[in-house]
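Source file: query_5.cif. Holds: mmCIF, C-alpha atoms.
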data_structure
#
loop_
_atom_site.label_atom_id
_atom_site.label_comp_id
_atom_site.auth_asym_id
_atom_site.auth_seq_id
_atom_site.Cartn_x
_atom_site.Cartn_y
_atom_site.Cartn_z
CA MET A 1263 19.10 -7.13 68.59
CA SER A 1264 19.72 -7.46 64.84
CA LEU A 1265 16.91 -7.80 62.32
CA LYS A 1266 17.24 -10.65 59.87
CA SER A 1267 16.42 -9.92 56.22
CA PRO A 1268 13.67 -12.09 54.72
CA PRO A 1269 14.93 -15.12 52.79
CA LYS A 1270 15.36 -14.50 49.05
CA LYS A 1271 13.14 -16.41 46.68
CA SER A 1272 14.98 -18.66 44.30
CA ASN A 1273 14.56 -17.89 40.60
CA TRP A 1274 13.75 -21.57 40.05
CA SER A 1275 11.21 -21.81 42.86
CA TRP A 1276 7.50 -22.34 42.15
CA ARG A 1277 6.91 -19.34 44.44
CA SER A 1278 8.66 -17.16 41.86
CA LYS A 1279 6.14 -15.37 39.66
CA ALA A 1280 8.63 -15.16 36.77
CA PHE A 1281 9.33 -18.92 36.96
CA ARG A 1282 5.63 -19.79 36.98
CA GLY A 1283 5.03 -17.51 34.03
CA LEU A 1284 7.84 -19.20 32.10
CA VAL A 1285 6.42 -22.64 32.83
CA TYR A 1286 2.94 -21.60 31.70
CA GLN A 1287 4.33 -20.18 28.46
CA VAL A 1288 6.30 -23.36 27.74
CA ILE A 1289 3.18 -25.47 28.36
CA ALA A 1290 1.07 -23.22 26.11
CA ALA A 1291 3.67 -23.34 23.32
CA ALA A 1292 3.85 -27.14 23.62
CA VAL A 1293 0.06 -27.50 23.43
CA ILE A 1294 -0.15 -25.23 20.37
CA GLY A 1295 2.71 -27.08 18.69
CA LEU A 1296 1.02 -30.42 19.41
CA MET A 1297 -2.24 -29.19 17.92
CA VAL A 1298 -0.49 -27.94 14.76
CA TRP A 1299 1.36 -31.26 14.42
CA PHE A 1300 -1.87 -33.23 14.87
CA LEU A 1301 -3.77 -31.19 12.28
CA ALA A 1302 -0.90 -31.35 9.77
CA SER A 1303 -0.30 -35.08 10.19
CA ASN A 1304 -4.04 -35.86 10.09
CA THR A 1305 -4.46 -33.81 6.91
CA LEU A 1306 -1.50 -35.49 5.20
CA TYR A 1307 -2.76 -38.96 6.24
CA ASN A 1308 -6.26 -38.33 4.87
CA MET A 1309 -4.79 -37.00 1.63
CA ARG A 1310 -2.63 -40.12 1.22
CA VAL A 1311 -5.62 -42.39 1.89
CA ARG A 1312 -7.63 -40.65 -0.82
CA GLY A 1313 -4.73 -40.65 -3.27
CA ILE A 1314 -4.35 -36.88 -3.25
CA GLN A 1315 -0.84 -35.72 -4.04
CA SER A 1316 0.80 -33.21 -1.72
CA GLY A 1317 3.97 -31.18 -1.52
CA PHE A 1318 5.42 -28.11 -3.16
CA ASP A 1319 7.34 -29.96 -5.87
CA PHE A 1320 4.80 -28.73 -8.46
CA LEU A 1321 6.32 -25.25 -8.23
CA SER A 1322 9.21 -26.34 -10.44
CA GLN A 1323 6.93 -27.81 -13.12
CA PRO A 1324 5.87 -25.86 -16.26
CA ALA A 1325 2.81 -23.74 -15.55
CA GLY A 1326 1.17 -24.36 -18.91
CA PHE A 1327 -0.84 -21.13 -18.94
CA SER A 1328 -0.12 -17.57 -19.95
CA ILE A 1329 -0.68 -14.41 -17.93
CA GLY A 1330 -2.28 -11.48 -19.68
CA GLU A 1331 -0.55 -8.75 -17.68
CA SER A 1332 2.83 -8.76 -15.97
CA LEU A 1333 5.68 -6.44 -15.14
CA PHE A 1334 8.22 -8.85 -16.63
CA PRO A 1335 7.93 -11.36 -19.50
CA PHE A 1336 6.31 -14.70 -18.73
CA ASP A 1337 5.87 -17.72 -20.96
CA SER A 1338 3.55 -20.68 -20.40
CA ALA A 1339 6.56 -23.02 -20.45
CA GLU A 1340 8.00 -21.39 -17.35
CA SER A 1341 7.51 -22.80 -13.86
CA TYR A 1342 4.70 -22.29 -11.37
CA TRP A 1343 6.94 -20.46 -8.94
CA ARG A 1344 7.66 -17.82 -11.58
CA ALA A 1345 3.91 -17.55 -12.26
CA PHE A 1346 3.37 -16.92 -8.55
CA GLY A 1347 6.10 -14.28 -8.76
CA VAL A 1348 4.20 -12.52 -11.54
CA GLY A 1349 1.01 -12.64 -9.46
CA LEU A 1350 2.85 -11.27 -6.44
CA SER A 1351 4.30 -8.40 -8.47
CA ASN A 1352 0.82 -7.55 -9.78
CA THR A 1353 -0.58 -7.60 -6.25
CA LEU A 1354 2.19 -5.34 -4.94
CA ARG A 1355 1.75 -3.05 -7.94
CA VAL A 1356 -1.89 -2.44 -7.03
CA ALA A 1357 -1.31 -2.31 -3.26
CA VAL A 1358 1.56 0.21 -3.32
CA ALA A 1359 -0.11 2.50 -5.87
CA GLY A 1360 -3.43 2.25 -4.02
CA ILE A 1361 -1.84 3.14 -0.67
CA ILE A 1362 -0.15 6.22 -2.16
CA PHE A 1363 -3.21 7.53 -4.00
CA SER A 1364 -5.71 6.76 -1.22
CA THR A 1365 -3.46 8.51 1.32
CA ILE A 1366 -3.25 11.66 -0.82
CA LEU A 1367 -6.96 11.71 -1.65
CA GLY A 1368 -8.06 10.75 1.86
CA THR A 1369 -5.88 13.42 3.49
CA LEU A 1370 -7.28 16.11 1.20
CA LEU A 1371 -10.82 14.98 1.98
CA GLY A 1372 -10.17 14.80 5.72
CA VAL A 1373 -8.69 18.29 5.78
CA GLY A 1374 -11.54 19.49 3.57
CA ARG A 1375 -14.00 18.48 6.27
CA PHE A 1376 -12.63 21.42 8.31
CA SER A 1377 -12.85 23.94 5.47
CA ARG A 1378 -14.62 27.21 6.18
CA ASN A 1379 -16.28 26.90 2.79
CA ALA A 1380 -19.64 25.18 3.24
CA LEU A 1381 -19.61 23.77 -0.31
CA VAL A 1382 -16.20 22.14 0.17
CA ARG A 1383 -17.26 20.69 3.52
CA GLY A 1384 -20.47 19.34 2.01
CA LEU A 1385 -18.77 17.73 -0.97
CA CYS A 1386 -16.14 16.05 1.23
CA SER A 1387 -18.82 14.76 3.62
CA ALA A 1388 -20.96 13.50 0.73
CA TYR A 1389 -17.98 11.67 -0.76
CA VAL A 1390 -17.19 9.92 2.51
CA GLU A 1391 -20.78 8.91 3.24
CA CYS A 1392 -21.33 7.69 -0.31
CA PHE A 1393 -18.27 5.60 -1.04
CA ARG A 1394 -17.64 4.07 2.38
CA ASN A 1395 -21.20 2.66 2.51
CA ILE A 1396 -21.06 0.87 -0.86
CA PRO A 1397 -19.39 -2.58 -0.75
CA VAL A 1398 -15.98 -2.50 -2.34
CA LEU A 1399 -16.79 -5.41 -4.66
CA LEU A 1400 -19.69 -3.48 -6.18
CA GLN A 1401 -17.41 -0.49 -6.69
CA LEU A 1402 -14.84 -2.64 -8.46
CA LEU A 1403 -17.53 -4.03 -10.76
CA MET A 1404 -18.82 -0.50 -11.39
CA TRP A 1405 -15.42 0.78 -12.43
CA TYR A 1406 -14.83 -2.28 -14.59
CA LEU A 1407 -18.15 -1.75 -16.39
CA VAL A 1408 -17.20 1.89 -16.98
CA MET A 1409 -13.89 0.81 -18.48
CA THR A 1410 -15.31 -1.91 -20.70
CA GLU A 1411 -18.76 -0.57 -21.62
CA VAL A 1412 -18.78 3.23 -21.44
CA LEU A 1413 -15.42 3.94 -23.08
CA PRO A 1414 -15.17 3.72 -26.88
CA PRO A 1415 -13.71 0.69 -28.69
CA ILE A 1416 -10.02 0.66 -29.49
CA GLN A 1417 -10.64 1.66 -33.11
CA ASP A 1418 -12.31 4.88 -31.93
CA ALA A 1419 -10.04 5.56 -28.93
CA TRP A 1420 -10.18 9.03 -27.44
CA LYS A 1421 -6.94 10.91 -28.06
CA VAL A 1422 -5.87 13.48 -25.47
CA GLY A 1423 -2.48 14.80 -26.51
CA PRO A 1424 -0.17 11.78 -26.73
CA PHE A 1425 -2.58 9.64 -24.64
CA PHE A 1426 -5.22 7.19 -25.90
CA LEU A 1427 -8.21 6.11 -23.79
CA SER A 1428 -10.46 3.24 -24.85
CA LYS A 1429 -11.88 -0.10 -23.75
CA GLY A 1430 -8.35 -1.41 -24.09
CA GLY A 1431 -7.19 0.86 -21.26
CA VAL A 1432 -4.82 3.83 -21.34
CA ASN A 1433 -1.88 4.07 -23.72
CA PHE A 1434 0.84 6.63 -23.05
CA PRO A 1435 4.34 7.52 -24.27
CA ILE A 1436 7.37 6.17 -22.45
CA PRO A 1437 10.98 7.33 -22.76
CA VAL A 1438 13.42 5.15 -24.64
CA TRP A 1439 16.20 4.35 -22.19
CA GLU A 1440 19.51 5.83 -23.22
CA ALA A 1441 22.72 6.76 -21.46
CA GLY A 1442 21.46 10.31 -21.04
CA GLN A 1443 18.35 9.08 -19.22
CA ALA A 1444 20.58 7.82 -16.39
CA TRP A 1445 21.71 11.38 -15.71
CA ALA A 1446 18.10 12.50 -15.47
CA ALA A 1447 17.36 9.66 -13.02
CA VAL A 1448 20.38 10.65 -10.90
CA GLY A 1449 19.17 14.24 -10.94
CA LEU A 1450 15.71 13.23 -9.73
CA ILE A 1451 17.16 11.11 -6.92
CA ALA A 1452 19.43 13.98 -5.87
CA GLY A 1453 16.44 16.32 -5.97
CA VAL A 1454 14.48 14.08 -3.63
CA VAL A 1455 17.40 14.05 -1.19
CA PHE A 1456 17.75 17.84 -1.35
CA ALA A 1457 14.00 18.31 -0.92
CA TRP A 1458 13.95 16.03 2.14
CA THR A 1459 16.92 17.84 3.66
CA TYR A 1460 15.27 21.20 3.01
CA ARG A 1461 12.03 20.10 4.70
CA LEU A 1462 13.92 18.98 7.81
CA TRP A 1463 15.77 22.31 7.93
CA ALA A 1464 12.55 24.29 7.39
CA LEU A 1465 10.77 22.42 10.19
CA LYS A 1466 13.63 23.00 12.63
CA ARG A 1467 13.75 26.69 11.70
CA PHE A 1468 9.99 27.02 12.17
CA GLU A 1469 10.21 25.39 15.60
CA ALA A 1470 13.09 27.68 16.59
CA THR A 1471 11.93 31.01 15.16
CA GLY A 1472 8.25 30.62 14.21
CA ILE A 1473 9.06 31.72 10.64
CA ALA A 1474 7.28 29.42 8.18
CA LYS A 1475 9.05 28.41 5.00
CA SER A 1476 7.52 26.87 1.89
CA MET A 1477 7.07 23.15 2.52
CA PHE A 1478 5.69 22.25 -0.90
CA TRP A 1479 6.75 24.51 -3.75
CA VAL A 1480 10.43 24.73 -2.81
CA PRO A 1481 10.83 20.92 -2.48
CA VAL A 1482 8.98 20.43 -5.77
CA GLY A 1483 11.17 23.07 -7.40
CA LEU A 1484 14.31 21.32 -6.14
CA VAL A 1485 13.22 17.98 -7.60
CA VAL A 1486 12.26 19.53 -10.95
CA ALA A 1487 15.42 21.66 -11.16
CA THR A 1488 17.86 18.84 -10.38
CA GLY A 1489 16.01 16.45 -12.70
CA LEU A 1490 16.15 19.03 -15.50
CA LEU A 1491 19.84 19.64 -14.80
CA GLY A 1492 20.58 15.92 -15.01
CA TRP A 1493 18.60 15.70 -18.23
CA LEU A 1494 20.62 18.55 -19.73
CA LEU A 1495 23.92 17.02 -18.57
CA GLY A 1496 22.91 13.77 -20.27
CA GLY A 1497 22.53 15.54 -23.60
CA ALA A 1498 18.80 16.34 -23.26
CA PRO A 1499 17.53 13.07 -24.81
CA THR A 1500 14.05 13.40 -26.27
CA VAL A 1501 13.48 10.01 -27.88
CA MET A 1502 10.08 8.69 -26.81
CA ASN A 1503 8.23 5.50 -27.63
CA MET A 1504 4.94 7.04 -28.73
CA PRO A 1505 1.67 5.09 -28.92
CA VAL A 1506 0.20 4.82 -32.41
CA LYS A 1507 -3.38 3.88 -33.21
CA GLY A 1508 -3.43 0.94 -35.58
CA GLU A 1509 -6.31 -0.72 -37.37
CA PHE A 1510 -7.24 -3.04 -34.53
CA SER A 1511 -5.27 -1.78 -31.53
CA VAL A 1512 -3.09 0.97 -30.14
CA GLU A 1513 0.50 -0.10 -30.62
CA GLU A 1514 3.80 0.93 -29.07
CA GLY A 1515 4.18 3.08 -25.96
CA GLY A 1516 3.14 2.01 -22.48
CA ALA A 1517 -0.28 0.70 -21.51
CA LEU A 1518 -2.48 0.23 -18.45
CA THR A 1519 -5.17 -2.41 -18.86
CA PRO A 1520 -8.81 -1.75 -17.91
CA GLU A 1521 -8.57 -4.46 -15.24
CA PHE A 1522 -5.64 -2.72 -13.54
CA LEU A 1523 -7.32 0.69 -13.78
CA ALA A 1524 -10.59 -0.69 -12.38
CA ILE A 1525 -8.98 -2.35 -9.35
CA LEU A 1526 -6.77 0.66 -8.67
CA LEU A 1527 -9.59 3.21 -8.94
CA GLY A 1528 -11.98 1.05 -6.92
CA LEU A 1529 -9.59 0.45 -4.03
CA THR A 1530 -8.36 4.05 -4.03
CA VAL A 1531 -11.82 5.62 -4.01
CA TYR A 1532 -13.13 3.18 -1.39
CA THR A 1533 -10.16 3.34 0.98
CA ALA A 1534 -9.82 7.12 0.67
CA ALA A 1535 -13.23 7.52 2.32
CA PHE A 1536 -11.98 5.69 5.42
CA VAL A 1537 -8.63 7.49 5.37
CA ALA A 1538 -10.54 10.79 5.30
CA GLU A 1539 -12.39 9.84 8.48
CA VAL A 1540 -9.13 8.81 10.14
CA VAL A 1541 -7.56 12.17 9.27
CA ARG A 1542 -10.67 14.07 10.36
CA SER A 1543 -10.78 12.31 13.74
CA GLY A 1544 -7.05 12.89 14.24
CA ILE A 1545 -7.33 16.63 13.59
CA ALA A 1546 -10.43 16.83 15.78
CA SER A 1547 -8.47 15.27 18.66
CA VAL A 1548 -6.07 18.22 18.76
CA PRO A 1549 -7.19 20.76 21.41
CA ALA A 1550 -8.92 23.81 19.96
CA GLY A 1551 -6.47 26.01 21.83
CA GLN A 1552 -3.70 24.90 19.46
CA GLY A 1553 -5.55 26.37 16.51
CA GLU A 1554 -6.25 29.58 18.43
CA ALA A 1555 -2.58 29.84 19.35
CA ALA A 1556 -1.58 29.38 15.71
CA ALA A 1557 -4.01 32.12 14.66
CA ALA A 1558 -2.60 34.38 17.38
CA LEU A 1559 0.87 33.89 15.87
CA GLY A 1560 -0.44 35.12 12.53
CA LEU A 1561 -0.56 31.79 10.69
CA ASP A 1562 -3.24 31.46 8.03
CA ARG A 1563 -5.60 28.49 7.89
CA ASN A 1564 -3.41 26.40 5.55
CA LEU A 1565 -0.29 26.85 7.69
CA GLU A 1566 -2.31 26.18 10.82
CA ILE A 1567 -3.47 22.81 9.49
CA ARG A 1568 -0.14 21.83 7.93
CA LEU A 1569 2.29 22.96 10.62
CA VAL A 1570 0.31 22.82 13.85
CA MET A 1571 -2.72 20.54 13.65
CA LEU A 1572 -1.54 17.66 11.42
CA PRO A 1573 1.81 17.05 13.17
CA GLN A 1574 0.02 16.71 16.50
CA ALA A 1575 -2.74 14.59 14.99
CA LEU A 1576 -0.31 12.02 13.56
CA ARG A 1577 -0.10 10.13 16.86
CA VAL A 1578 -3.84 9.49 16.56
CA ILE A 1579 -3.92 9.04 12.79
CA ILE A 1580 -1.16 6.49 12.17
CA PRO A 1581 -2.48 3.41 14.09
CA PRO A 1582 -5.92 3.33 12.38
CA LEU A 1583 -4.30 4.38 9.10
CA THR A 1584 -2.18 1.24 9.28
CA ASN A 1585 -5.39 -0.80 9.46
CA GLN A 1586 -6.66 0.87 6.29
CA TYR A 1587 -3.43 0.05 4.48
CA LEU A 1588 -3.76 -3.59 5.54
CA ASN A 1589 -7.41 -3.65 4.45
CA LEU A 1590 -6.50 -2.22 1.04
CA THR A 1591 -3.81 -4.85 0.52
CA LYS A 1592 -6.16 -7.68 1.46
CA ASN A 1593 -9.06 -6.22 -0.56
CA SER A 1594 -6.83 -6.40 -3.63
CA SER A 1595 -7.59 -10.14 -3.62
CA LEU A 1596 -11.04 -9.19 -4.98
CA ALA A 1597 -9.30 -8.39 -8.29
CA VAL A 1598 -10.03 -11.97 -9.33
CA ALA A 1599 -13.68 -10.88 -9.80
CA ILE A 1600 -12.74 -8.60 -12.72
CA GLY A 1601 -10.04 -10.76 -14.26
CA TYR A 1602 -6.93 -8.99 -13.00
CA PRO A 1603 -4.14 -11.60 -12.68
CA ASP A 1604 -3.06 -11.04 -9.10
CA ILE A 1605 -1.63 -13.78 -6.90
CA VAL A 1606 -5.11 -15.09 -5.97
CA SER A 1607 -5.96 -15.56 -9.65
CA ILE A 1608 -2.66 -17.37 -10.24
CA ALA A 1609 -3.25 -19.59 -7.21
CA ASN A 1610 -6.76 -20.48 -8.40
CA THR A 1611 -5.44 -21.50 -11.81
CA ALA A 1612 -2.60 -23.52 -10.28
CA MET A 1613 -5.03 -25.17 -7.88
CA ASN A 1614 -7.36 -26.24 -10.70
CA GLN A 1615 -4.50 -27.65 -12.78
CA THR A 1616 -2.52 -29.44 -10.07
CA GLY A 1617 -5.08 -30.18 -7.38
CA ARG A 1618 -2.67 -28.85 -4.71
CA ALA A 1619 -5.33 -26.85 -2.88
CA VAL A 1620 -3.66 -26.94 0.55
CA GLU A 1621 -0.30 -25.84 -0.84
CA CYS A 1622 -1.76 -23.00 -2.94
CA ILE A 1623 -3.82 -21.71 -0.03
CA ALA A 1624 -0.74 -21.93 2.21
CA ILE A 1625 1.21 -19.83 -0.30
CA LEU A 1626 -1.56 -17.21 -0.35
CA MET A 1627 -1.67 -17.09 3.44
CA ALA A 1628 2.11 -16.74 3.67
CA VAL A 1629 2.17 -13.96 1.05
CA TYR A 1630 -0.57 -11.84 2.61
CA LEU A 1631 0.79 -12.44 6.11
CA SER A 1632 4.27 -11.32 5.03
CA ILE A 1633 2.99 -8.20 3.25
CA SER A 1634 0.82 -7.27 6.24
CA LEU A 1635 3.62 -7.78 8.75
CA LEU A 1636 6.03 -5.73 6.64
CA THR A 1637 3.46 -2.92 6.36
CA SER A 1638 2.89 -3.01 10.12
CA VAL A 1639 6.62 -2.89 10.84
CA LEU A 1640 7.13 0.13 8.59
CA MET A 1641 4.13 1.99 10.01
CA ASN A 1642 5.13 1.19 13.61
CA TRP A 1643 8.61 2.54 12.88
CA TYR A 1644 7.14 5.72 11.46
CA ASN A 1645 4.72 5.99 14.39
CA ALA A 1646 7.60 5.79 16.86
CA ARG A 1647 9.54 8.36 14.85
CA VAL A 1648 6.80 11.00 14.84
CA ALA A 1649 5.50 10.32 18.35
CA ILE A 1650 5.54 13.28 20.72
CA LYS A 1651 8.43 12.83 23.13
CA GLU A 1652 7.49 13.27 26.78
CA ARG A 1653 9.79 15.45 28.83
#
Represent the supplied structure as structure tokens.
Amino acid sequence: MSLKSPPKKSNWSWRSKAFRGLVYQVIAAAVIGLMVWFLASNTLYNMRVRGIQSGFDFLSQPAGFSIGESLFPFDSAESYWRAFGVGLSNTLRVAVAGIIFSTILGTLLGVGRFSRNALVRGLCSAYVECFRNIPVLLQLLMWYLVMTEVLPPIQDAWKVGPFFLSKGGVNFPIPVWEAGQAWAAVGLIAGVVFAWTYRLWALKRFEATGIAKSMFWVPVGLVVATGLLGWLLGGAPTVMNMPVKGEFSVEEGGALTPEFLAILLGLTVYTAAFVAEVVRSGIASVPAGQGEAAAALGLDRNLEIRLVMLPQALRVIIPPLTNQYLNLTKNSSLAVAIGYPDIVSIANTAMNQTGRAVECIAILMAVYLSISLLTSVLMNWYNARVAIKER
């Protein structure tokens, strides 16, 4: 007697779990699309009834206002879309610099929480508890008041070497770009590549032999040496655009405005407190036996943290660290409170002049969504790269 195999379920049968799931997803997508269409059409209809103009055609019109701070020249006769570009560049300028500085400061504070020196531990703990419990807006206002009230006027600017510090911000020398400067730039880029290659080699050698190599001074030396070599090959150019204190202002050189310094310091100091807690929790998640094993191998405390504890803690650190990066980027929108011309400030001005509130808010949403998604993609890639591979 032969046994018959059970009849196969058709992929297009309602009894198929995959088919039912596909149908439910199509229905859900259709309902969401219908809701979006209804809201959009209803909004456009109500705007037409009330005589409110709509559309993004205003982006090609002259902006009619100037921007006090930008990375590239902007004139009031230029279009709104270029003004939004200036605002976006100012936002990215603060966000990228803030992420770098808050990561460095927060990592040092988080590692300092495990110091065997009671004073260092206490100072790091006090920093975290102080700055993470004060609203970020108040901190931004505090730093702005320091920049505009505590510092001396421009006429009496403090001079520290070639730098000037006053209520007008920080003025500093910048190199005058010449053909020889290109060689120095090539040397620095080559130094970064050599330093990265050296770090990878040193890590592999440490994993294979247990012999620790310098992971900081040698890479820094490579970058400095190759940059100096490129500078020498380019003829050792020394022409600098030096700031000079005039009667009413500091002229020439480069400058950082008090608004930029206030938003950068505020976001860095605030976010670093949260980054420190993320780093501390990540290191604390590593089993204590790992530290004991590192000590048994003869590694000192610094090598133990840098080569044993932190690499294992990254799998715990990176996901919440991504959230802090996203929070910093979105908190940069508070710069409008101290007059820094980020994209929110530009959108507010454009909204008041054109009345295109929906369009300006849509642009802001699209910008912050794009920046956040890009940050998440990069951090997820790095998280997958450093994840511990299971055997």
Would you list the contacts of range 1376-1378 of chain A as an MDAnalysis selection string, taking every protein, DNA or RNA residue within 10 Å and counting only C-alpha atoms, but skipping same-chain residues closer than 2 positions in sequence?
chainID A and resid 1371:1374 1380:1384 1386 1542 1545:1546 1563:1564 1567
Atom pair CA of Pro1435 in chain A / CA of Gly1516 in chain A: separation (Å)
5.9 Å
Evaluate the PyMOL selection byres ((chain A and resi 1341) around 8) here and jot the selected residues down as a ChimeraX atom specification.
/A:1321-1325,1338-1340,1342-1345
For the residues in that selection, give me C-alpha atoms as an mmCIF file, keeping the file's coordinate frame.
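Generated file (out31.cif):
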data_model
loop_
_atom_site.group_PDB
_atom_site.id
_atom_site.type_symbol
_atom_site.label_atom_id
_atom_site.label_comp_id
_atom_site.auth_asym_id
_atom_site.auth_seq_id
_atom_site.Cartn_x
_atom_site.Cartn_y
_atom_site.Cartn_z
ATOM 1 C CA LEU A 1321 6.320 -25.250 -8.230
ATOM 2 C CA SER A 1322 9.210 -26.340 -10.440
ATOM 3 C CA GLN A 1323 6.930 -27.810 -13.120
ATOM 4 C CA PRO A 1324 5.870 -25.860 -16.260
ATOM 5 C CA ALA A 1325 2.810 -23.740 -15.550
ATOM 6 C CA SER A 1338 3.550 -20.680 -20.400
ATOM 7 C CA ALA A 1339 6.560 -23.020 -20.450
ATOM 8 C CA GLU A 1340 8.000 -21.390 -17.350
ATOM 9 C CA TYR A 1342 4.700 -22.290 -11.370
ATOM 10 C CA TRP A 1343 6.940 -20.460 -8.940
ATOM 11 C CA ARG A 1344 7.660 -17.820 -11.580
ATOM 12 C CA ALA A 1345 3.910 -17.550 -12.260
#
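Candidate residues A:Ile1600, A:Val1531, A:Val1398, A:Val1288 were compared for distance to Thr1410 in chain A, and the nearest is A:Ile1600, using only C-alpha atoms.
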List as a PyMOL selection string the residues having at least one atom at most 9 Å from position (-2.3, -22.9, -19.1) as given in the file, counting all atoms listed in the file.
chain A and resi 1325-1329+1338-1339+1611-1612+1615
Counting all atoms listed in the file, what is within 8 Å of Thr1637 in chain A, bar same-chain residues fewer than 5 positions away, as a PyMOL selection string?
chain A and resi 1584+1587-1588
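With only C-alpha atoms taken into account, the protein and nucleic acid residues at most 12 Å from Ser1316 in chain A (excluding it and anything under 2 positions from it in its own chain) are A:Ala1302, A:Thr1305, A:Leu1306, A:Tyr1307, A:Asn1308, A:Met1309, A:Arg1310, A:Val1311, A:Arg1312, A:Gly1313, A:Ile1314, A:Phe1318, A:Asp1319, A:Phe1320, A:Leu1321, A:Met1613, A:Thr1616, A:Gly1617, A:Arg1618, A:Ala1619, A:Val1620, A:Glu1621, A:Cys1622.
Residues surrounding range 1518-1525 of chain A within 6 Å are Leu1402, Trp1405, Tyr1406, Met1409, Gly1431, Val1432, Gly1528 and Tyr1602 of chain A [all atoms listed in the file; sequence separation below 3 positions excluded].
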What would the file look like if the residues just selected were written as a compact mmCIF listing (two decimals), keeping the file's coordinate frame with C-alpha atoms?
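Generated output (result03.txt):
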# COMPACT_ATOMS: atom_id res chain seq x y z
CA LEU A 1402 -14.84 -2.64 -8.46
CA TRP A 1405 -15.42 0.78 -12.43
CA TYR A 1406 -14.83 -2.28 -14.59
CA MET A 1409 -13.89 0.81 -18.48
CA GLY A 1431 -7.19 0.86 -21.26
CA VAL A 1432 -4.82 3.83 -21.34
CA GLY A 1528 -11.98 1.05 -6.92
CA TYR A 1602 -6.93 -8.99 -13.00
With all atoms listed in the file as the counted atoms, please give the residues lying no more than 9 Å from Trp1493 in chain A, apart from itself and same-chain residues fewer than 4 positions off, as a PyMOL selection string.
chain A and resi 1442-1447+1449+1488-1489+1497-1499
Return the single residue from A:Gly1544, A:Gly1551, A:Gly1601, A:Pro1414 that is closest to Glu1331 in chain A, with distances computed using only C-alpha atoms.
A:Gly1601
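Take CA of Trp1458 in chain A and CA of Ala1487 in chain A: the distance between them is 14.5 Å.
Rounded to one decimal, CA of Ile1623 in chain A and CA of Ala1609 in chain A lie 7.5 Å from each other.
Residue nearest Thr1591 in chain A within the list A:Trp1439, A:Tyr1630, A:Trp1479, A:Trp1299: A:Tyr1630 [criterion: smallest interatomic distance, all atoms listed in the file].
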Please, what is the axis-aligned box for every listed atom of range 1495-1502 of chain A with 6 Å on each side, as centre and edge lengths in Å to one decimal, as AutoDock Vina command-line options?
--center_x 17.0 --center_y 12.9 --center_z -23.2 --size_x 25.8 --size_y 20.3 --size_z 21.3
Will you model N, CA, C and O atoms for range 1563-1571 of chain A and pass it back as a compact mmCIF listing (two decimals), in the frame of the given file?
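To be explicit, this is the file written out as part05.txt:
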# COMPACT_ATOMS: atom_id res chain seq x y z
N ARG A 1563 -4.95 29.77 7.65
CA ARG A 1563 -5.60 28.49 7.89
C ARG A 1563 -4.78 27.33 7.34
O ARG A 1563 -4.66 26.27 7.97
N ASN A 1564 -4.19 27.48 6.15
CA ASN A 1564 -3.41 26.40 5.55
C ASN A 1564 -2.18 26.07 6.40
O ASN A 1564 -1.88 24.90 6.66
N LEU A 1565 -1.45 27.10 6.85
CA LEU A 1565 -0.29 26.85 7.69
C LEU A 1565 -0.69 26.28 9.04
O LEU A 1565 0.02 25.45 9.62
N GLU A 1566 -1.83 26.71 9.53
CA GLU A 1566 -2.31 26.18 10.82
C GLU A 1566 -2.54 24.68 10.74
O GLU A 1566 -2.13 23.92 11.63
N ILE A 1567 -3.21 24.24 9.65
CA ILE A 1567 -3.47 22.81 9.49
C ILE A 1567 -2.18 22.04 9.25
O ILE A 1567 -1.94 20.99 9.87
N ARG A 1568 -1.32 22.57 8.36
CA ARG A 1568 -0.14 21.83 7.93
C ARG A 1568 0.97 21.79 8.97
O ARG A 1568 1.65 20.77 9.11
N LEU A 1569 1.15 22.87 9.71
CA LEU A 1569 2.29 22.96 10.62
C LEU A 1569 1.95 22.75 12.08
O LEU A 1569 2.85 22.46 12.88
N VAL A 1570 0.69 22.91 12.44
CA VAL A 1570 0.31 22.82 13.85
C VAL A 1570 -0.62 21.63 14.11
O VAL A 1570 -0.34 20.79 14.97
N MET A 1571 -1.71 21.54 13.34
CA MET A 1571 -2.72 20.54 13.65
C MET A 1571 -2.30 19.13 13.19
O MET A 1571 -2.36 18.17 13.98
